[in-house]
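Q: Contents of upload_8.cif (mmCIF, C-alpha atoms) are given next:
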data_run
loop_
_atom_site.label_atom_id
_atom_site.label_comp_id
_atom_site.auth_asym_id
_atom_site.auth_seq_id
_atom_site.Cartn_x
_atom_site.Cartn_y
_atom_site.Cartn_z
CA MET A 178 -16.24 11.99 20.20
CA ASP A 179 -16.84 15.15 18.16
CA PHE A 180 -15.67 14.84 14.56
CA SER A 181 -14.25 17.77 12.63
CA ASP A 182 -15.68 18.56 9.18
CA ALA A 183 -12.58 17.01 7.62
CA GLN A 184 -13.03 13.82 9.64
CA LEU A 185 -16.69 13.58 8.72
CA GLU A 186 -15.70 13.78 5.06
CA ARG A 187 -12.75 11.38 5.39
CA TYR A 188 -14.76 8.68 7.18
CA ALA A 189 -18.14 9.33 5.51
CA ARG A 190 -18.34 5.91 3.86
CA HIS A 191 -17.83 4.26 7.24
CA ILE A 192 -20.19 6.50 9.14
CA ILE A 193 -23.12 5.82 6.80
CA LEU A 194 -22.79 2.08 7.42
CA PRO A 195 -25.36 1.10 10.08
CA GLU A 196 -22.89 -1.43 11.51
CA VAL A 197 -20.29 1.30 12.05
CA GLY A 198 -21.85 4.76 12.33
CA GLY A 199 -20.35 7.60 14.29
CA VAL A 200 -20.00 5.52 17.43
CA GLY A 201 -18.06 2.83 15.61
CA GLN A 202 -15.81 5.30 13.84
CA ALA A 203 -15.05 6.94 17.16
CA ARG A 204 -14.12 3.51 18.49
CA LEU A 205 -11.73 3.03 15.59
CA CYS A 206 -10.17 6.43 16.20
CA GLN A 207 -9.54 5.51 19.83
CA ALA A 208 -8.28 1.98 19.15
CA ARG A 209 -4.70 0.79 19.58
CA VAL A 210 -3.57 -2.00 17.25
CA LEU A 211 -0.15 -3.66 17.22
CA VAL A 212 1.08 -5.08 13.91
CA VAL A 213 4.02 -7.47 14.18
CA GLY A 214 5.87 -7.44 10.89
CA ALA A 215 5.90 -4.63 8.31
CA GLY A 216 6.34 -7.03 5.40
CA GLY A 217 4.07 -8.77 2.92
CA LEU A 218 1.05 -9.10 5.23
CA GLY A 219 1.83 -6.07 7.36
CA SER A 220 1.93 -3.74 4.35
CA PRO A 221 -1.73 -3.94 3.23
CA LEU A 222 -2.79 -4.45 6.82
CA LEU A 223 -1.17 -1.21 7.96
CA LEU A 224 -2.37 0.74 4.93
CA TYR A 225 -6.01 -0.21 5.44
CA LEU A 226 -5.95 0.22 9.22
CA ALA A 227 -4.50 3.70 8.75
CA ALA A 228 -7.05 4.57 6.08
CA ALA A 229 -9.82 3.35 8.41
CA GLY A 230 -8.66 5.78 11.07
CA VAL A 231 -7.31 3.42 13.74
CA GLY A 232 -6.00 5.91 16.26
CA THR A 233 -2.70 4.29 17.23
CA LEU A 234 -0.74 1.78 15.19
CA GLY A 235 2.24 0.05 16.74
CA ILE A 236 4.69 -1.57 14.32
CA VAL A 237 7.22 -4.20 15.38
CA ASP A 238 9.97 -4.99 12.86
CA PRO A 239 13.77 -5.00 13.26
CA ASP A 240 14.64 -5.17 9.55
CA VAL A 241 15.52 -2.70 6.80
CA VAL A 242 13.93 -2.48 3.35
CA ASP A 243 15.58 -4.75 0.80
CA LEU A 244 15.06 -4.82 -2.97
CA SER A 245 13.61 -8.34 -2.76
CA ASN A 246 10.86 -6.99 -0.47
CA LEU A 247 9.33 -4.75 -3.11
CA GLN A 248 7.68 -7.62 -5.02
CA ARG A 249 5.00 -7.79 -2.30
CA GLN A 250 5.68 -5.32 0.54
CA VAL A 251 3.74 -2.43 -0.97
CA ILE A 252 4.09 -0.04 1.95
CA HIS A 253 7.75 0.40 0.94
CA ASP A 254 9.27 1.62 -2.34
CA GLY A 255 12.58 2.10 -4.09
CA ALA A 256 13.25 5.36 -2.29
CA THR A 257 13.19 3.60 1.09
CA LEU A 258 15.77 0.89 0.31
CA GLY A 259 18.11 0.47 3.26
CA ARG A 260 15.82 2.33 5.66
CA PRO A 261 14.29 0.64 8.72
CA LYS A 262 10.94 -0.83 7.75
CA VAL A 263 9.22 0.80 10.71
CA ASP A 264 10.38 4.25 9.54
CA SER A 265 9.39 3.60 5.93
CA ALA A 266 5.95 2.41 7.06
CA LEU A 267 5.55 5.40 9.37
CA ASP A 268 6.15 7.85 6.52
CA ARG A 269 3.70 6.06 4.23
CA ILE A 270 1.01 5.97 6.90
CA ALA A 271 1.50 9.68 7.58
CA ALA A 272 0.95 10.38 3.88
CA ILE A 273 -2.29 8.39 3.90
CA ASN A 274 -3.73 9.60 7.19
CA PRO A 275 -1.75 12.10 9.29
CA GLU A 276 -4.25 11.73 12.12
CA VAL A 277 -2.99 8.22 12.92
CA ARG A 278 -0.34 8.00 15.62
CA VAL A 279 2.39 5.50 14.77
CA VAL A 280 4.63 3.94 17.39
CA ALA A 281 7.69 2.39 15.78
CA HIS A 282 9.22 -0.54 17.65
CA ARG A 283 12.43 -1.33 15.78
CA VAL A 284 13.07 -4.48 17.78
CA ARG A 285 12.79 -8.20 17.32
CA LEU A 286 9.91 -9.66 19.31
CA THR A 287 11.31 -11.94 22.02
CA ALA A 288 10.09 -13.71 25.12
CA ALA A 289 11.65 -10.87 27.11
CA ASN A 290 9.72 -8.01 25.48
CA ALA A 291 6.57 -9.64 24.06
CA MET A 292 4.33 -9.14 27.07
CA ALA A 293 5.18 -5.44 27.48
CA LEU A 294 4.61 -4.74 23.79
CA VAL A 295 1.36 -6.67 23.45
CA ALA A 296 -0.20 -5.39 26.69
CA ASP A 297 -0.08 -1.79 25.45
CA TYR A 298 -2.56 -2.45 22.63
CA HIS A 299 -6.18 -3.59 22.26
CA VAL A 300 -5.77 -5.96 19.29
CA VAL A 301 -2.66 -7.62 17.85
CA ALA A 302 -2.14 -8.64 14.22
CA ASP A 303 0.54 -11.21 13.41
CA GLY A 304 2.17 -10.73 10.02
CA THR A 305 5.34 -12.72 10.71
CA ASP A 306 6.69 -15.53 8.56
CA ASN A 307 7.96 -18.14 11.02
CA PHE A 308 6.43 -20.52 13.55
CA ALA A 309 8.59 -19.42 16.47
CA SER A 310 7.19 -15.88 16.28
CA ARG A 311 3.63 -17.12 15.84
CA PHE A 312 3.79 -19.25 18.97
CA LEU A 313 5.39 -16.41 20.91
CA ILE A 314 2.76 -13.86 19.84
CA ASN A 315 -0.05 -16.30 20.60
CA ASP A 316 1.26 -16.92 24.11
CA ALA A 317 1.76 -13.23 24.88
CA CYS A 318 -1.73 -12.34 23.64
CA PHE A 319 -3.35 -15.02 25.77
CA LEU A 320 -1.43 -14.06 28.90
CA ALA A 321 -2.09 -10.34 28.31
CA ARG A 322 -5.75 -11.03 27.45
CA ARG A 323 -5.53 -9.52 23.97
CA THR A 324 -7.28 -10.64 20.78
CA LEU A 325 -4.96 -11.91 18.05
CA VAL A 326 -5.65 -11.89 14.30
CA SER A 327 -3.10 -14.12 12.59
CA GLY A 328 -2.32 -14.50 8.90
CA ALA A 329 0.16 -16.64 6.99
CA ILE A 330 1.15 -17.05 3.34
CA LEU A 331 3.40 -19.36 1.32
CA ARG A 332 3.70 -19.82 -2.43
CA PHE A 333 0.08 -19.49 -3.67
CA GLU A 334 -1.73 -20.31 -0.43
CA GLY A 335 -2.83 -18.25 2.54
CA GLN A 336 -4.61 -18.75 5.83
CA LEU A 337 -6.26 -16.55 8.42
CA SER A 338 -7.82 -16.96 11.85
CA THR A 339 -8.64 -15.04 15.02
CA PHE A 340 -7.68 -16.18 18.50
CA LYS A 341 -9.23 -14.93 21.74
CA PRO A 342 -9.03 -17.78 24.26
CA HIS A 343 -8.81 -15.27 27.11
CA LEU A 344 -12.59 -14.89 26.74
CA GLY A 345 -13.00 -18.50 27.83
CA GLY A 346 -15.72 -20.80 26.61
CA ALA A 347 -15.06 -22.48 23.27
CA HIS A 348 -12.47 -19.97 22.02
CA PRO A 349 -9.26 -21.84 21.07
CA CYS A 350 -5.72 -20.49 20.84
CA TYR A 351 -3.09 -21.03 18.14
CA ARG A 352 -1.63 -23.94 20.10
CA CYS A 353 -5.00 -25.68 20.02
CA LEU A 354 -4.71 -25.65 16.22
CA PHE A 355 -0.96 -26.32 16.04
CA PRO A 356 0.24 -27.90 19.30
CA GLU A 357 3.88 -27.97 18.16
CA PRO A 358 5.93 -26.36 15.37
CA PRO A 359 6.49 -28.59 12.32
CA SER A 360 9.77 -30.44 12.00
CA PRO A 361 12.62 -28.20 10.77
CA GLY A 362 12.60 -27.96 6.99
CA LEU A 363 9.11 -29.42 6.59
CA VAL A 364 7.51 -26.01 5.95
CA PRO A 365 9.86 -23.62 4.13
CA THR A 366 9.96 -19.89 4.73
CA CYS A 367 8.85 -17.49 2.03
CA ALA A 368 12.53 -16.82 1.28
CA ALA A 369 13.11 -20.52 0.63
CA GLY A 370 9.75 -21.53 -0.87
CA GLY A 371 8.68 -18.34 -2.60
CA VAL A 372 5.43 -16.39 -2.39
CA PHE A 373 3.12 -14.94 -5.02
CA GLY A 374 3.27 -11.20 -4.38
CA ALA A 375 -0.41 -10.38 -4.85
CA LEU A 376 -1.33 -13.14 -2.39
CA ALA A 377 0.12 -10.99 0.40
CA GLY A 378 -2.27 -8.22 -0.59
CA ALA A 379 -5.26 -10.56 -0.56
CA ILE A 380 -4.60 -12.14 2.84
CA GLY A 381 -3.30 -8.91 4.43
CA SER A 382 -6.46 -7.09 3.35
CA LEU A 383 -8.66 -9.83 4.79
CA GLN A 384 -6.63 -9.60 7.98
CA ALA A 385 -7.40 -5.88 8.14
CA VAL A 386 -11.11 -6.65 7.77
CA GLU A 387 -10.95 -9.04 10.73
CA VAL A 388 -9.00 -6.59 12.90
CA LEU A 389 -11.53 -3.84 12.22
CA LYS A 390 -14.43 -6.22 12.97
CA GLU A 391 -12.85 -7.14 16.30
CA VAL A 392 -12.34 -3.49 17.24
CA LEU A 393 -15.92 -2.64 16.29
CA GLY A 394 -17.46 -5.81 17.71
CA ILE A 395 -19.43 -6.52 14.52
CA GLY A 396 -20.01 -9.53 12.29
CA VAL A 397 -19.01 -13.12 12.92
CA SER A 398 -15.54 -13.62 14.36
CA LEU A 399 -13.08 -16.08 12.83
CA SER A 400 -12.41 -17.47 16.30
CA GLY A 401 -12.58 -21.26 16.02
CA ARG A 402 -12.38 -21.15 12.23
CA LEU A 403 -9.37 -21.29 9.92
CA LEU A 404 -9.87 -19.64 6.53
CA LEU A 405 -7.80 -21.22 3.75
CA PHE A 406 -7.26 -19.60 0.36
CA ASP A 407 -5.81 -21.35 -2.70
CA GLY A 408 -4.66 -18.67 -5.12
CA LEU A 409 -4.10 -21.02 -8.04
CA ALA A 410 -7.57 -22.56 -7.82
CA THR A 411 -9.18 -19.33 -6.54
CA THR A 412 -11.03 -21.20 -3.80
CA PHE A 413 -11.79 -20.46 -0.17
CA ARG A 414 -12.63 -23.07 2.43
CA THR A 415 -13.12 -22.90 6.17
CA ILE A 416 -12.03 -25.48 8.74
CA ARG A 417 -13.60 -25.44 12.19
CA PHE A 418 -11.46 -26.32 15.19
CA SER A 419 -12.11 -26.39 18.92
CA ARG A 420 -10.37 -25.48 22.12
CA ASP A 421 -8.10 -28.32 23.21
CA PRO A 422 -8.59 -29.19 26.91
CA ALA A 423 -5.03 -30.58 26.86
CA CYS A 424 -3.52 -27.38 25.41
CA ARG A 425 -0.36 -26.39 27.27
CA LEU A 426 -1.42 -22.74 27.24
CA CYS A 427 -5.20 -22.38 27.46
CA GLY A 428 -6.22 -25.92 28.42
CA ASP A 429 -7.61 -27.23 31.67
CA HIS A 430 -4.16 -27.78 33.17
CA PRO A 431 -1.80 -25.24 31.57
CA THR A 432 1.95 -25.62 31.93
CA LEU A 433 2.98 -22.50 29.99
CA LEU A 434 2.89 -19.49 32.28
CA GLU A 435 5.05 -17.17 30.19
CA PRO A 436 5.51 -16.59 26.45
CA SER A 437 7.50 -19.21 24.58
CA ASP A 438 8.52 -19.67 20.96
CA VAL A 439 8.06 -23.46 21.08
#
Do you think you could lay out the structure here as structure tokens?
A:
Amino acid sequence: MDFSDAQLERYARHIILPEVGGVGQARLCQARVLVVGAGGLGSPLLLYLAAAGVGTLGIVDPDVVDLSNLQRQVIHDGATLGRPKVDSALDRIAAINPEVRVVAHRVRLTAANAMALVADYHVVADGTDNFASRFLINDACFLARRTLVSGAILRFEGQLSTFKPHLGGAHPCYRCLFPEPPSPGLVPTCAAGGVFGALAGAIGSLQAVEVLKEVLGIGVSLSGRLLLFDGLATTFRTIRFSRDPACRLCGDHPTLLEPSDV
């Protein structure tokens, strides 16, 4: 890929990194990343992926911008209240990096459309806030052979991991870590339990780092490791987990052959 003078200046701090270089930046410019959710996690994630020069960003979100979003969803602002989140995000991305192509999917991800959406991208980032969506995205990524970078936040705590069981070997999927959703009401949503706004920025930014690493093929993947962050104690810890041979999706005798939200 031949870079213009403007591109060489824009991406100079990437290109001088030995781990990235011109070849890596070209890979970023040709990459296609799907971000599910243009909310608390999706906001910093989309901003940093756009700034990094990811060539095509798909955004899945059916909602409109609400005043309660602005405490943490920094890709939106007061002028975008009432607008579809995908349109608000598109305009902000265009202001940051007009070279990035944005595909706005103003739909709710369902078992009927998940495979078609996921299969059109190289890497998928999950920024949703409910277990049904996380299971659905995990299933679609495995069946479409796409790498998934998943983040979650609640109150003052966040977690992050990468899932690529389609590569085989010891790579687990989300269902290996959480075989079933928790009982209803056991884990509240952010709307019910609250979330510290800046926490979304911290975990969403780390999620962007992991997405970029997966696109570039550099560093140590979070596959098989769950990163946990406690914002009140300011501590990180990592839990290792393995592929479950009894997993319904990626195990030795799978029973799930299509995406499911349970």
Q: Set the distance at 8 Å and use all atoms listed in the file: which residues neighbour segment 404-420 of chain A once local chain neighbours fewer than 2 positions away are removed? I'd like the list as a ChimeraX atom specification.
A: /A:333-338,347-350,353-354,376,399,401-402,422,424,428
Q: Keeping only C-alpha atoms, write the selected residues as a short mmCIF file (atom, residue, chain, number, x, y, z; two decimals), in the coordinates of the input.
A:
data_model
loop_
_atom_site.label_atom_id
_atom_site.label_comp_id
_atom_site.auth_asym_id
_atom_site.auth_seq_id
_atom_site.Cartn_x
_atom_site.Cartn_y
_atom_site.Cartn_z
CA PHE A 333 0.08 -19.49 -3.67
CA GLU A 334 -1.73 -20.31 -0.43
CA GLY A 335 -2.83 -18.25 2.54
CA GLN A 336 -4.61 -18.75 5.83
CA LEU A 337 -6.26 -16.55 8.42
CA SER A 338 -7.82 -16.96 11.85
CA ALA A 347 -15.06 -22.48 23.27
CA HIS A 348 -12.47 -19.97 22.02
CA PRO A 349 -9.26 -21.84 21.07
CA CYS A 350 -5.72 -20.49 20.84
CA CYS A 353 -5.00 -25.68 20.02
CA LEU A 354 -4.71 -25.65 16.22
CA LEU A 376 -1.33 -13.14 -2.39
CA LEU A 399 -13.08 -16.08 12.83
CA GLY A 401 -12.58 -21.26 16.02
CA ARG A 402 -12.38 -21.15 12.23
CA PRO A 422 -8.59 -29.19 26.91
CA CYS A 424 -3.52 -27.38 25.41
CA GLY A 428 -6.22 -25.92 28.42
#
Q: Segment 357-378 of chain A near segment 304-317 of chain A within 8 Å: what's each residue's closest atom pair and its distance in Å to one decimal, counting all atoms listed in the file, ordered by chain then ascending residue number, as CSV?
A:
residue,atom,partner,partner_atom,distance
A:Pro358,CA,A:Phe308,CA,6.1
A:Thr366,CA,A:Asp306,CA,6.7
A:Cys367,CA,A:Asp306,CA,7.2
Q: Which is closest to Gly201 of chain A among A:Cys427, A:Ala293, A:Ala229, A:Leu286, if we use only C-alpha atoms?
A: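 Of A:Cys427, A:Ala293, A:Ala229, A:Leu286, the one nearest Gly201 of chain A is A:Ala229, counting only C-alpha atoms.
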Q: Please provide as a list in words all residues within 9 Å of Gln202 of chain A, with the sequence filter that same-chain residues fewer than 5 positions apart are discarded (counting only C-alpha atoms).
A: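 Answer for this query is Tyr188, His191, Ile192, Val197, Gln207, Ala229, Gly230, Val231 and Leu393 of chain A.
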Q: Taking the file as I've supplied it (selection: the PyMOL selection byres ((chain A and resi 380-389) around 9)), which residues are included? Please answer as a ChimeraX atom specification.
A: /A:205,210,217-226,229,231,300-302,304,325-330,335-339,375-379,390-395,398-399,406
Q: Can you tell me how far atom CA of Leu426 of chain A sits from atom CA of Ala321 of chain A, in Å to one decimal?
A: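 Separation of atom CA of Leu426 of chain A and atom CA of Ala321 of chain A: 12.5 Å.
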Q: Which residues fall under the PyMOL selection byres ((chain A and resi 260-268) around 7) in this file, as a ChimeraX atom specification?
A: /A:215,236,238,240-242,252-253,257-259,269-272,279,281,283
Q: With all atoms listed in the file as the atoms that count, which of A:Val200, A:Ala228, A:Val213, A:Leu331 lies nearest to Ala368 of chain A?
A: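 Of all the options, A:Leu331 lies closest to Ala368 of chain A.
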Q: Please list, as a list in words, the residues that have an atom at most 9 Å away from (-17.0, 11.3, 23.8) in the coordinates of this file, counting only C-alpha atoms.
A: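 The answer, in the requested form, is Met178, Asp179 and Ala203 of chain A.
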Q: Using atom CA of Leu320 of chain A and atom CA of Glu435 of chain A as the two end points, give the distance in Å to one decimal.
A: 7.3 Å
Q: What separation in Å, quoted to one decimal, exists between atom CA of Gly370 of chain A and atom CA of Gly216 of chain A?
A: 16.2 Å
Q: With 3 Å added on each side, what axis-aligned box encloses every listed atom of segment 193-209 of chain A? Give the centre and edge lengths in Å to one decimal, as lines of an AutoDock Vina configuration file.
A:
center_x = -15.0
center_y = 3.1
center_z = 13.3
size_x = 26.7
size_y = 15.0
size_z = 19.0
Q: Of the residues A:Ile273, A:Leu244, A:Val397, A:Val251, which is the one nearest to Arg187 of chain A, using all atoms listed in the file?
A: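 Under the stated criterion, the closest residue is A:Ile273.
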Q: Which residue out of A:Leu194, A:Asn246, A:Asn274, A:Thr233 has the minimum interatomic distance to Phe373 of chain A when all atoms listed in the file are used?
A: A:Asn246
Q: Please provide the set of residues having any atom within 12 Å of Asp297 of chain A, restricted to all atoms listed in the file, with same-chain residues fewer than 6 positions apart removed, written as a PyMOL selection string.
A: chain A and resi 208-211+233-235+280+290-291+317-318+321-323
Q: Check the smallest atom-to-atom distance from each of A:Gly214, A:Pro359, A:Gly255, A:Gly345 to Ser400 of chain A using all atoms listed in the file, then report the winner.
A: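 Residue with the minimum atom-to-atom distance to Ser400 of chain A: A:Gly345.
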Q: Can I get C-alpha atoms for segment 301-319 of chain A, as a PDB file, in the first residue's frame?
A:
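And here's part-v7.pdb as it stands now:
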ATOM      1  CA  VAL A 301     -15.692  -8.327  16.090  1.00  0.00           C
ATOM      2  CA  ALA A 302     -15.783  -6.253  19.282  1.00  0.00           C
ATOM      3  CA  ASP A 303     -18.643  -6.791  21.726  1.00  0.00           C
ATOM      4  CA  GLY A 304     -19.648  -3.680  23.642  1.00  0.00           C
ATOM      5  CA  THR A 305     -23.132  -4.825  24.651  1.00  0.00           C
ATOM      6  CA  ASP A 306     -24.520  -4.818  28.176  1.00  0.00           C
ATOM      7  CA  ASN A 307     -26.508  -8.048  28.455  1.00  0.00           C
ATOM      8  CA  PHE A 308     -25.742 -11.762  28.523  1.00  0.00           C
ATOM      9  CA  ALA A 309     -28.145 -12.712  25.739  1.00  0.00           C
ATOM     10  CA  SER A 310     -26.251 -10.547  23.251  1.00  0.00           C
ATOM     11  CA  ARG A 311     -22.870 -11.778  24.469  1.00  0.00           C
ATOM     12  CA  PHE A 312     -23.818 -15.412  23.950  1.00  0.00           C
ATOM     13  CA  LEU A 313     -25.272 -14.625  20.534  1.00  0.00           C
ATOM     14  CA  ILE A 314     -22.180 -12.728  19.372  1.00  0.00           C
ATOM     15  CA  ASN A 315     -19.892 -15.468  20.670  1.00  0.00           C
ATOM     16  CA  ASP A 316     -21.803 -18.143  18.774  1.00  0.00           C
ATOM     17  CA  ALA A 317     -21.885 -16.174  15.521  1.00  0.00           C
ATOM     18  CA  CYS A 318     -18.161 -15.422  15.704  1.00  0.00           C
ATOM     19  CA  PHE A 319     -17.280 -19.067  16.262  1.00  0.00           C
TER      20      PHE A 319
END
